[in-house]
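A.B. asks: Here you go, this is query_8.cif (mmCIF, C-alpha atoms).
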```cif
data_structure
#
loop_
_atom_site.label_atom_id
_atom_site.label_comp_id
_atom_site.auth_asym_id
_atom_site.auth_seq_id
_atom_site.Cartn_x
_atom_site.Cartn_y
_atom_site.Cartn_z
CA MET A 1 104.38 70.32 79.51
CA ALA A 2 106.79 72.80 81.12
CA SER A 3 103.99 74.96 82.54
CA THR A 4 102.25 71.86 83.95
CA VAL A 5 105.46 70.79 85.69
CA LEU A 6 105.92 74.30 87.06
CA ILE A 7 102.40 74.47 88.49
CA LEU A 8 102.46 70.96 89.97
CA SER A 9 105.92 71.52 91.51
CA ALA A 10 104.84 74.83 93.05
CA ILE A 11 101.60 73.35 94.45
CA ALA A 12 103.44 70.35 95.92
CA MET A 13 105.93 72.64 97.65
CA LEU A 14 103.18 74.90 98.98
CA ILE A 15 101.41 71.87 100.47
CA ALA A 16 104.73 70.97 102.09
CA SER A 17 104.76 74.45 103.71
CA VAL A 18 107.68 75.71 101.64
CA PRO A 19 107.75 79.55 101.49
CA ILE A 20 105.76 80.86 98.54
CA PHE A 21 108.65 82.62 96.80
CA LEU A 22 110.79 79.47 96.98
CA ALA A 23 107.95 77.31 95.65
CA LEU A 24 107.46 79.64 92.68
CA LEU A 25 111.16 79.93 91.96
CA THR A 26 111.86 76.20 92.28
CA GLY A 27 108.98 75.32 89.96
CA THR A 28 110.25 77.87 87.43
CA VAL A 29 113.83 76.56 87.58
CA ILE A 30 112.68 72.94 87.12
CA GLY A 31 110.48 73.85 84.17
CA PHE A 32 113.16 76.04 82.61
CA GLU A 33 116.06 73.60 82.98
CA PHE A 34 114.28 70.42 81.85
CA PHE A 35 111.53 71.57 79.51
CA GLY A 36 112.18 75.21 78.60
CA PRO A 37 113.80 76.76 75.52
CA PRO A 38 117.61 76.61 75.27
CA MET A 39 118.90 79.65 77.15
CA PRO A 40 121.85 80.27 79.50
CA PRO A 41 120.91 79.96 83.22
CA VAL A 42 122.05 83.55 83.81
CA VAL A 43 118.81 84.64 82.11
CA LEU A 44 116.85 83.55 85.19
CA ALA A 45 119.05 85.69 87.43
CA GLN A 46 118.53 88.64 85.09
CA ARG A 47 114.76 88.15 85.20
CA LEU A 48 114.81 88.14 89.00
CA VAL A 49 116.52 91.53 88.99
CA GLU A 50 114.30 92.92 86.24
CA GLY A 51 111.23 91.89 88.22
CA VAL A 52 111.94 94.50 90.88
CA ASN A 53 113.67 97.03 88.64
CA VAL A 54 110.46 99.03 88.22
CA PHE A 55 110.09 102.59 89.47
CA SER A 56 106.46 102.13 90.57
CA ILE A 57 107.49 99.34 92.95
CA LEU A 58 109.28 101.92 95.11
CA ALA A 59 105.85 103.02 96.31
CA VAL A 60 105.28 99.65 97.99
CA PRO A 61 108.05 99.78 100.65
CA LEU A 62 107.35 103.45 101.29
CA PHE A 63 103.64 102.92 101.92
CA VAL A 64 104.42 99.86 104.06
CA TYR A 65 106.70 101.97 106.26
CA ALA A 66 104.15 104.79 106.45
CA ALA A 67 101.47 102.28 107.50
CA ASP A 68 103.70 100.95 110.28
CA ILE A 69 104.27 104.47 111.61
CA ILE A 70 100.55 105.26 111.53
CA SER A 71 99.54 101.99 113.20
CA ARG A 72 101.74 102.79 116.23
CA GLY A 73 100.77 106.44 116.53
CA GLU A 74 97.79 108.61 117.42
CA ILE A 75 96.32 109.17 113.97
CA GLY A 76 93.92 106.20 114.20
CA GLU A 77 92.51 107.27 117.56
CA ARG A 78 91.79 110.80 116.34
CA LEU A 79 90.00 109.49 113.27
CA VAL A 80 87.79 107.26 115.45
CA ARG A 81 86.75 110.18 117.68
CA LEU A 82 86.00 112.35 114.64
CA MET A 83 83.75 109.77 112.97
CA GLU A 84 81.97 108.97 116.23
CA SER A 85 81.17 112.66 116.75
CA LEU A 86 79.75 112.99 113.24
CA VAL A 87 77.55 109.87 112.90
CA GLY A 88 77.52 108.18 116.31
CA HIS A 89 74.05 109.50 117.21
CA ILE A 90 72.15 107.96 114.26
CA THR A 91 70.73 104.42 114.17
CA GLY A 92 73.70 102.05 113.90
CA GLY A 93 75.89 105.14 114.11
CA LEU A 94 78.75 103.69 116.13
CA ALA A 95 79.04 100.74 113.74
CA ILE A 96 78.91 103.10 110.74
CA ALA A 97 81.59 105.23 112.39
CA THR A 98 83.77 102.11 112.59
CA VAL A 99 83.30 101.50 108.84
CA LEU A 100 84.08 105.12 107.98
CA THR A 101 87.14 105.14 110.24
CA CYS A 102 88.51 102.00 108.59
CA ALA A 103 87.87 103.56 105.17
CA MET A 104 89.71 106.72 106.19
CA PHE A 105 92.49 104.67 107.74
CA GLY A 106 92.73 102.81 104.44
CA ALA A 107 93.22 106.14 102.68
CA ILE A 108 96.25 106.63 104.91
CA SER A 109 97.84 103.21 105.36
CA GLY A 110 96.99 101.00 102.36
CA ILE A 111 97.32 97.77 104.36
CA GLY A 112 94.27 95.93 105.72
CA ALA A 113 95.86 94.17 108.68
CA ALA A 114 97.09 97.50 110.07
CA ALA A 115 93.49 98.68 110.60
CA VAL A 116 92.63 95.61 112.71
CA VAL A 117 95.39 96.23 115.25
CA SER A 118 95.13 100.04 115.17
CA ILE A 119 91.39 100.74 114.99
CA GLY A 120 90.06 97.51 116.48
CA PRO A 121 91.20 97.92 120.12
CA ILE A 122 89.81 101.48 120.15
CA VAL A 123 86.30 100.81 118.80
CA TYR A 124 85.72 97.27 120.12
CA PRO A 125 85.03 98.20 123.79
CA SER A 126 82.81 101.08 122.68
CA LEU A 127 80.73 98.82 120.42
CA LEU A 128 80.20 96.36 123.28
CA ARG A 129 79.17 99.13 125.69
CA HIS A 130 76.51 100.38 123.28
CA GLY A 131 74.83 96.99 122.92
CA TYR A 132 76.45 95.40 119.88
CA SER A 133 77.23 91.72 120.30
CA ARG A 134 80.80 90.50 120.51
CA GLY A 135 80.45 88.53 117.28
CA PHE A 136 79.01 91.46 115.33
CA SER A 137 81.69 93.83 116.65
CA VAL A 138 84.59 91.54 115.73
CA GLY A 139 83.07 90.66 112.34
CA LEU A 140 82.54 94.33 111.54
CA ILE A 141 86.09 95.33 112.45
CA LEU A 142 87.71 92.47 110.53
CA THR A 143 85.57 93.14 107.46
CA ALA A 144 85.79 96.94 107.47
CA SER A 145 89.57 96.72 107.77
CA THR A 146 89.68 95.12 104.29
CA LEU A 147 88.68 98.54 102.89
CA SER A 148 92.37 99.39 103.17
CA MET A 149 92.97 96.97 100.28
CA LEU A 150 90.56 98.89 98.07
CA ILE A 151 90.90 102.56 98.94
CA PRO A 152 94.12 104.24 97.75
CA PRO A 153 96.97 104.02 98.50
CA SER A 154 96.30 100.27 98.45
CA VAL A 155 99.49 98.22 98.29
CA ALA A 156 97.59 95.39 96.55
CA MET A 157 96.41 97.83 93.86
CA ILE A 158 99.98 99.04 93.31
CA LEU A 159 101.19 95.45 92.94
CA TYR A 160 98.39 94.71 90.46
CA SER A 161 99.20 97.75 88.34
CA VAL A 162 102.90 96.82 88.27
CA GLN A 163 102.23 93.19 87.35
CA VAL A 164 99.75 94.05 84.59
CA SER A 165 101.48 97.27 83.42
CA VAL A 166 98.51 99.61 83.80
CA SER A 167 98.28 103.08 85.32
CA VAL A 168 98.54 103.09 89.13
CA SER A 169 96.43 106.25 89.38
CA GLN A 170 93.65 104.69 87.23
CA VAL A 171 93.63 101.52 89.32
CA PHE A 172 93.52 103.66 92.47
CA LEU A 173 90.34 105.39 91.24
CA THR A 174 88.68 102.07 90.50
CA GLY A 175 89.57 100.89 93.99
CA LEU A 176 88.16 104.09 95.48
CA ALA A 177 84.83 103.61 93.68
CA THR A 178 84.72 99.97 94.80
CA GLY A 179 85.50 100.99 98.38
CA ILE A 180 82.67 103.53 98.39
CA ILE A 181 80.18 100.87 97.24
CA PHE A 182 81.40 98.50 99.96
CA VAL A 183 81.13 101.25 102.59
CA VAL A 184 77.50 101.81 101.57
CA GLY A 185 76.76 98.08 101.77
CA LEU A 186 78.37 97.66 105.19
CA SER A 187 76.66 100.80 106.53
CA ALA A 188 73.26 99.55 105.35
CA TYR A 189 73.85 96.24 107.15
CA CYS A 190 74.86 98.12 110.31
CA VAL A 191 71.56 100.02 110.26
CA LEU A 192 69.56 96.82 109.72
CA TYR A 193 71.38 95.10 112.57
CA ALA A 194 70.79 98.02 114.93
CA VAL A 195 67.07 98.15 114.09
CA ARG A 196 66.56 94.38 114.34
CA ASN A 197 68.44 94.08 117.64
CA LYS A 198 67.15 97.38 119.08
CA VAL A 199 70.63 98.77 119.65
CA GLY A 200 70.41 102.16 121.33
CA ARG A 201 71.82 105.32 119.83
CA SER A 202 74.60 107.38 121.31
CA GLU A 203 73.78 110.84 122.59
CA LYS A 204 74.21 113.53 119.99
CA VAL A 205 77.48 115.35 120.42
CA LEU A 206 77.31 119.10 120.87
CA PHE A 207 78.34 121.17 117.89
CA ARG A 208 81.20 122.60 119.90
CA GLU A 209 82.52 119.08 120.57
CA GLN A 210 82.15 118.18 116.90
CA LEU A 211 84.27 121.18 116.00
CA LEU A 212 86.87 120.09 118.54
CA ALA A 213 86.94 116.57 117.09
CA LEU A 214 87.19 118.04 113.61
CA ARG A 215 90.09 120.23 114.63
CA ARG A 216 91.86 117.27 116.21
CA GLY A 217 91.24 115.24 113.07
CA LEU A 218 92.45 117.82 110.56
CA ILE A 219 96.09 116.79 110.76
CA PRO A 220 95.36 113.05 110.23
CA MET A 221 93.05 113.90 107.32
CA GLY A 222 95.84 115.95 105.84
CA LEU A 223 97.65 112.74 104.93
CA PRO A 224 95.05 111.38 102.46
CA ALA A 225 94.61 114.93 101.16
CA LEU A 226 98.36 115.04 100.51
CA ILE A 227 98.31 111.67 98.73
CA PHE A 228 95.20 112.24 96.59
CA GLY A 229 95.87 115.90 95.93
CA GLY A 230 99.47 115.23 95.04
CA ILE A 231 98.73 112.38 92.63
CA TYR A 232 95.64 113.71 90.88
CA GLY A 233 96.77 117.33 91.02
CA GLY A 234 99.79 116.36 88.97
CA VAL A 235 102.26 117.27 91.72
CA PHE A 236 103.42 113.74 92.64
CA THR A 237 103.74 110.39 91.02
CA PRO A 238 102.34 107.62 93.27
CA THR A 239 105.91 106.76 94.27
CA GLU A 240 106.69 110.36 95.25
CA ALA A 241 103.37 110.53 97.11
CA ALA A 242 104.46 107.46 99.10
CA ALA A 243 107.70 109.20 100.08
CA ALA A 244 105.77 112.32 101.08
CA ALA A 245 103.40 110.15 103.17
CA CYS A 246 106.36 108.68 105.08
CA VAL A 247 107.75 112.12 105.87
CA TYR A 248 104.34 113.50 106.86
CA ALA A 249 103.49 110.54 109.12
CA ALA A 250 106.91 110.61 110.78
CA LEU A 251 106.79 114.37 111.45
CA VAL A 252 103.21 114.26 112.76
CA GLU A 253 103.74 111.32 115.13
CA THR A 254 107.14 112.44 116.45
CA ILE A 255 106.92 116.25 116.54
CA VAL A 256 103.22 117.20 116.53
CA PHE A 257 101.55 114.39 118.48
CA ARG A 258 104.76 113.19 120.17
CA ARG A 259 103.43 109.66 120.37
CA LEU A 260 106.63 108.22 118.89
CA LYS A 261 110.29 108.98 119.44
CA LEU A 262 112.99 109.00 116.79
CA ARG A 263 114.35 105.82 118.32
CA SER A 264 110.94 104.22 117.76
CA LEU A 265 111.10 105.08 114.07
CA PHE A 266 114.34 103.15 113.80
CA ARG A 267 112.80 100.09 115.48
CA LEU A 268 109.77 100.38 113.19
CA SER A 269 112.02 100.48 110.16
CA GLN A 270 113.56 97.19 111.24
CA GLY A 271 110.16 95.51 111.31
CA SER A 272 109.08 97.16 108.06
CA SER A 273 112.24 96.00 106.31
CA ILE A 274 111.27 92.36 106.91
CA THR A 275 107.85 92.90 105.32
CA ILE A 276 109.38 94.87 102.46
CA ALA A 277 112.05 92.25 101.78
CA THR A 278 109.40 89.52 101.72
CA LEU A 279 107.32 91.44 99.20
CA LEU A 280 110.29 92.21 96.95
CA ILE A 281 111.40 88.56 96.92
CA LEU A 282 107.84 87.55 96.02
CA ILE A 283 107.70 90.12 93.22
CA ALA A 284 111.03 88.91 91.81
CA ALA A 285 110.02 85.24 91.94
CA GLY A 286 106.52 85.93 90.63
CA SER A 287 107.77 88.01 87.70
CA THR A 288 110.24 85.26 86.75
CA MET A 289 107.48 82.65 86.83
CA THR A 290 105.22 84.92 84.75
CA TRP A 291 107.99 85.48 82.18
CA PHE A 292 108.49 81.73 81.81
CA MET A 293 104.73 81.06 81.56
CA THR A 294 104.53 83.73 78.86
CA LEU A 295 107.32 81.99 76.92
CA GLU A 296 105.23 78.84 77.16
CA ARG A 297 102.22 80.77 75.80
CA VAL A 298 100.05 80.00 78.83
CA PRO A 299 98.19 83.39 78.77
CA ALA A 300 97.57 82.97 75.04
CA MET A 301 96.13 79.48 75.58
CA LEU A 302 93.88 80.76 78.37
CA ALA A 303 92.67 83.57 76.12
CA ALA A 304 91.88 81.06 73.36
CA MET A 305 89.91 78.92 75.81
CA MET A 306 87.97 81.91 77.14
CA SER A 307 87.13 83.22 73.68
CA GLU A 308 84.54 80.46 73.32
CA VAL A 309 82.81 81.41 76.58
CA PRO A 310 80.40 84.32 77.25
CA ASP A 311 81.82 87.29 79.19
CA TYR A 312 79.60 86.77 82.23
CA VAL A 313 80.81 83.18 82.56
CA VAL A 314 84.44 84.31 82.29
CA LEU A 315 83.91 86.87 85.05
CA ALA A 316 82.17 84.28 87.25
CA ALA A 317 85.05 81.84 86.74
CA ILE A 318 87.60 84.54 87.61
CA ASN A 319 85.67 85.39 90.78
CA VAL A 320 85.48 81.77 91.91
CA LEU A 321 89.15 81.09 91.13
CA VAL A 322 90.52 84.21 92.83
CA LEU A 323 88.22 83.86 95.84
CA ILE A 324 89.41 80.29 96.42
CA ILE A 325 93.05 81.33 96.05
CA GLY A 326 92.45 84.18 98.51
CA MET A 327 91.28 81.67 101.12
CA PHE A 328 94.69 80.02 101.19
CA ILE A 329 97.31 82.61 100.13
CA ASP A 330 97.93 86.11 101.48
CA PRO A 331 96.60 88.87 99.19
CA ASN A 332 99.91 90.39 98.09
CA SER A 333 101.35 87.02 97.09
CA ALA A 334 98.15 86.15 95.23
CA VAL A 335 98.15 89.44 93.29
CA ILE A 336 101.76 88.89 92.22
CA VAL A 337 101.16 85.31 91.08
CA ILE A 338 97.75 85.34 89.37
CA SER A 339 97.35 88.84 87.91
CA PRO A 340 99.81 88.47 85.00
CA LEU A 341 98.24 85.13 84.05
CA ILE A 342 94.58 86.10 84.27
CA ALA A 343 94.75 89.67 82.95
CA PRO A 344 95.91 88.97 79.35
CA ALA A 345 93.28 86.28 78.88
CA ALA A 346 90.51 88.41 80.42
CA VAL A 347 91.45 91.48 78.36
CA ALA A 348 91.44 89.33 75.21
CA VAL A 349 87.74 88.58 75.72
CA GLY A 350 86.83 92.21 76.39
CA VAL A 351 87.28 92.72 80.15
CA ASP A 352 88.84 96.09 80.98
CA ALA A 353 92.19 95.64 82.77
CA ILE A 354 91.39 98.50 85.19
CA HIS A 355 88.01 96.96 86.05
CA LEU A 356 89.67 93.58 86.47
CA GLY A 357 92.01 95.07 89.09
CA ALA A 358 89.04 95.97 91.29
CA ILE A 359 87.56 92.49 90.84
CA ILE A 360 90.78 90.64 91.70
CA VAL A 361 91.70 92.79 94.70
CA PHE A 362 88.17 92.74 96.12
CA ASN A 363 88.08 88.94 95.86
CA LEU A 364 91.35 88.78 97.78
CA ALA A 365 89.98 91.23 100.34
CA ILE A 366 87.08 88.84 100.93
CA GLY A 367 89.63 86.03 101.24
CA MET A 368 91.13 87.85 104.25
CA ILE A 369 87.97 87.10 106.26
CA THR A 370 87.15 83.72 104.71
CA PRO A 371 88.07 80.36 106.26
CA PRO A 372 90.17 78.33 106.46
CA PHE A 373 93.21 80.65 106.35
CA GLY A 374 91.87 84.20 106.10
CA LEU A 375 94.62 86.46 107.44
CA ASN A 376 92.30 88.76 109.38
CA ILE A 377 90.72 85.78 111.16
CA PHE A 378 93.98 84.92 112.88
CA ILE A 379 94.83 88.55 113.59
CA GLY A 380 91.39 88.93 115.14
CA MET A 381 91.91 85.86 117.33
CA SER A 382 95.03 87.34 118.88
CA THR A 383 93.77 90.93 119.02
CA PHE A 384 90.35 90.27 120.57
CA LYS A 385 91.10 86.98 122.40
CA ILE A 386 88.28 85.15 120.66
CA GLY A 387 88.10 81.57 119.37
CA TYR A 388 88.33 80.47 115.74
CA GLY A 389 84.80 79.06 115.62
CA GLU A 390 83.23 82.19 117.10
CA ILE A 391 85.04 84.39 114.60
CA LEU A 392 83.83 82.25 111.70
CA ARG A 393 80.21 82.66 112.84
CA ALA A 394 80.82 86.39 113.28
CA VAL A 395 82.14 87.02 109.77
CA LEU A 396 79.58 84.94 107.84
CA PRO A 397 76.95 87.73 107.50
CA PHE A 398 79.67 90.17 106.42
CA ILE A 399 80.96 87.71 103.82
CA GLY A 400 77.40 87.72 102.46
CA VAL A 401 77.44 91.53 102.21
CA ALA A 402 80.84 91.36 100.51
CA ILE A 403 79.66 88.76 97.96
CA VAL A 404 76.66 90.93 97.03
CA THR A 405 79.02 93.89 96.58
CA LEU A 406 81.34 91.73 94.47
CA LEU A 407 78.49 90.79 92.14
CA ILE A 408 77.55 94.45 91.77
CA ILE A 409 81.04 95.63 90.86
CA THR A 410 81.56 92.64 88.57
CA TYR A 411 78.40 92.89 86.48
CA ILE A 412 77.72 96.64 86.67
CA PRO A 413 81.18 97.95 85.73
CA GLN A 414 79.86 101.49 85.20
CA LEU A 415 79.63 101.87 89.00
CA VAL A 416 83.39 101.39 89.43
CA MET A 417 84.65 102.77 86.12
CA TRP A 418 83.10 106.24 86.24
CA LEU A 419 85.95 107.71 88.27
CA PRO A 420 88.74 106.42 85.97
CA GLU A 421 86.69 107.50 82.93
CA LEU A 422 86.30 110.95 84.45
CA ALA A 423 90.06 111.26 84.98
CA ARG A 424 91.03 110.12 81.47
#
```
Written as structure tokens, how would this file's structure read?
C.D. replies:
Amino acid sequence: MASTVLILSAIAMLIASVPIFLALLTGTVIGFEFFGPPMPPVVLAQRLVEGVNVFSILAVPLFVYAADIISRGEIGERLVRLMESLVGHITGGLAIATVLTCAMFGAISGIGAAAVVSIGPIVYPSLLRHGYSRGFSVGLILTASTLSMLIPPSVAMILYSVQVSVSVSQVFLTGLATGIIFVVGLSAYCVLYAVRNKVGRSEKVLFREQLLALRRGLIPMGLPALIFGGIYGGVFTPTEAAAAACVYAALVETIVFRRLKLRSLFRLSQGSSITIATLLILIAAGSTMTWFMTLERVPAMLAAMMSEVPDYVVLAAINVLVLIIGMFIDPNSAVIVISPLIAPAAVAVGVDAIHLGAIIVFNLAIGMITPPFGLNIFIGMSTFKIGYGEILRAVLPFIGVAIVTLLIITYIPQLVMWLPELAR
């Protein structure tokens, strides 16, 4: 009864446009006070604090700040030029370069929306000049930017690992394998589009110019090397890697590239602090709701219900549920709310928690480009000055590619689990 009241209260408040954290917290308080076990109210306050009193969560604000620095600097532009010089001359090369740039940008920033506003304005005019349609160009950019949610250091992956209490580094590797599969799928579609629409190739860049682009791109590529090498070389924890990424990005953009001034870093920190505070409030409210739902044995009841159903049906149901949620709620909020409820039940029927992280986050990445409220859709409208209806038509083929990729990673887990297995 208490869990039903909590869920209905939260849904009613969300429909009334109440902020998500307040809807979750209000539903929890109502359920706790009127239907919960006899406990002093101070317990709720303690749970709010405990929800964010986790060392791994420190990585989230640090990577958010690093992403804000990178999105305002020169790193994105240098990555675009490097990828264009390497693959721009092949069939569909410029589109593939866009995919690879977004993947590399994801390995630096960890936030999908940052790639739209940083990479999009650079590659969009070039795609149009080379014969790609406006719809294809916008759809490609909005979809490829979601790679930042999969490829480490993904903020969504960090939030999942914290909520489910699994290794951040293991979840990162699963996300990396998933991102590689999605890159292959998007690149294949880019080639097919270029062949079908007879899009011309770019002129092959001279080897000397490729070397120049590589030299200009070495410093930006040093950031993912620092993050991956530090974490999997045993030098850093993910949280320490996030701190190192902030320092590296700040030094590169202010001293080496001189795109930003120290005063700009202060202004950026003000904007980042709003995003960080929002996430921390969500984590606190979500963890309190999860604690109460656990007291009410909701995960145990879900596990009992799922035990009677075949694994493939369970996975299909999880995909449908998370994809629908991702259409209406931003990815970070969705990860915080649904992961602790779904994971125990899914693990109880034999689904690996690390594999489940890739499934949940990829569903939410698809939700970013799916109507009616996909976050990237609205960012794309303001960034590229294009209407809602045109964007929906533009992203439909890419949603199809994403769904095929989702089915592959869901039902062929070996393709996404080989990297974590290798690291164990």
A.B. asks: Rounded to one decimal in Å, what is the spacing between atom CA of Leu14 of chain A and atom CA of Ser339 of chain A?
C.D. replies: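 Answer for the atom CA of Leu14 of chain A to atom CA of Ser339 of chain A separation: 18.7 Å.
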A.B. asks: Specify as number ranges by chain each residue included when the PyMOL selection byres ((chain A and resi 394) around 7) is applied to this file.
C.D. replies: A: 135-136, 138-139, 390-393, 395-396
A.B. asks: For segment 216-224 of chain A, list every protein, DNA or RNA residue within 10 Å, evaluated using all atoms listed in the file, and leave out those in the same chain fewer than 3 positions away; present the list as a VMD selection string.
C.D. replies: chain A and resid 70 74 to 83 104 to 109 152 to 153 210 to 213 227 to 230 241 244 to 246 248 to 249 252 to 253 256 to 257
A.B. asks: Have a look at A:Met417, A:Leu8, A:Ile274, A:Val87 and name the one nearest to Val99 of chain A; count only C-alpha atoms.
C.D. replies: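 Looking at the shortest contact to Val99 of chain A, the residue is A:Val87.
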A.B. asks: Would you write out, as a compact mmCIF listing (two decimals) with C-alpha atoms, in the frame of the given file, every residue that the PyMOL selection byres ((chain A and resi 56) around 9) captures in this file?
C.D. replies:
```txt
# COMPACT_ATOMS: atom_id res chain seq x y z
CA VAL A 54 110.46 99.03 88.22
CA PHE A 55 110.09 102.59 89.47
CA ILE A 57 107.49 99.34 92.95
CA LEU A 58 109.28 101.92 95.11
CA ALA A 59 105.85 103.02 96.31
CA VAL A 60 105.28 99.65 97.99
CA ILE A 158 99.98 99.04 93.31
CA LEU A 159 101.19 95.45 92.94
CA SER A 161 99.20 97.75 88.34
CA VAL A 162 102.90 96.82 88.27
CA VAL A 168 98.54 103.09 89.13
CA THR A 237 103.74 110.39 91.02
CA PRO A 238 102.34 107.62 93.27
CA THR A 239 105.91 106.76 94.27
```
A.B. asks: Name the closest residue to Gly175 of chain A among the candidates A:Ile359, A:Ala402, A:Ile329, A:Ala10; distances are taken between atoms, counting all atoms listed in the file.
C.D. replies: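 Nearest candidate to Gly175 of chain A out of A:Ile359, A:Ala402, A:Ile329, A:Ala10: A:Ile359.
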A.B. asks: Go through A:Thr405, A:Asn376, A:Ser202, A:Thr288 and flag the residue nearest Leu140 of chain A, using only C-alpha atoms for the distances.
C.D. replies: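 Nearest candidate to Leu140 of chain A out of A:Thr405, A:Asn376, A:Ser202, A:Thr288: A:Asn376.
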A.B. asks: Any chance you could resolve the PyMOL selection byres ((chain A and resi 156) around 10) against this file and give the residues as a ChimeraX atom specification?
C.D. replies: /A:60,110-112,148-150,152-155,157-162,331-336,357,360-362,364-365
A.B. asks: Thr28 of chain A: which residues within 8 Å, counting only C-alpha atoms, same-chain residues fewer than 3 positions away excluded, as a list in words?
C.D. replies: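 Selected residues are Leu6, Leu24, Leu25, Gly31, Phe32, Thr288, Met289 and Phe292 of chain A.
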A.B. asks: Restricting the output to C-alpha atoms, write the selected residues as a PDB file, in the frame of the given file.
C.D. replies:
```pdb
ATOM      1  CA  LEU A   6     105.920  74.300  87.060  1.00  0.00           C
ATOM      2  CA  LEU A  24     107.460  79.640  92.680  1.00  0.00           C
ATOM      3  CA  LEU A  25     111.160  79.930  91.960  1.00  0.00           C
ATOM      4  CA  GLY A  31     110.480  73.850  84.170  1.00  0.00           C
ATOM      5  CA  PHE A  32     113.160  76.040  82.610  1.00  0.00           C
ATOM      6  CA  THR A 288     110.240  85.260  86.750  1.00  0.00           C
ATOM      7  CA  MET A 289     107.480  82.650  86.830  1.00  0.00           C
ATOM      8  CA  PHE A 292     108.490  81.730  81.810  1.00  0.00           C
TER       9      PHE A 292
END
```
A.B. asks: Using only C-alpha atoms, find the one residue out of A:Val309, A:Ser71, A:Val64, A:Leu260 that sits nearest to Gly350 of chain A.
C.D. replies: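 Going through A:Val309, A:Ser71, A:Val64, A:Leu260 one by one, the smallest distance to Gly350 of chain A is for A:Val309.
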A.B. asks: Return the single residue from A:Val184, A:Ile30, A:Leu265, A:Cys190 that is closest to Ser137 of chain A, with distances computed using all atoms listed in the file.
C.D. replies: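 Looking only at the distances to Ser137 of chain A, the closest residue turns out to be A:Cys190.
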A.B. asks: My list of candidates is A:Gly286, A:Gly179, A:Pro299, A:Gly92. Which is closest to Asn197 of chain A when distances are computed with all atoms listed in the file?
C.D. replies: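 Selected residue with least distance to Asn197 of chain A: A:Gly92.
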A.B. asks: Give me the residues within 12 Å of Ala12 of chain A as a list of chain:residue names, counting all atoms listed in the file and dropping any in the same chain fewer than 5 places off.
C.D. replies: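 Residues meeting the cut-off are A:Val5, A:Leu6, A:Ile7, A:Ser17, A:Val18, A:Pro19, A:Ile20, A:Leu22, A:Ala23, A:Leu24, A:Thr26, A:Gly27.
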A.B. asks: Just the number, please: distance in Å from atom CA of Ile180 of chain A to atom CA of Ser118 of chain A, one decimal.
C.D. replies: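 Computing it gives 21.2 Å between the two atoms.
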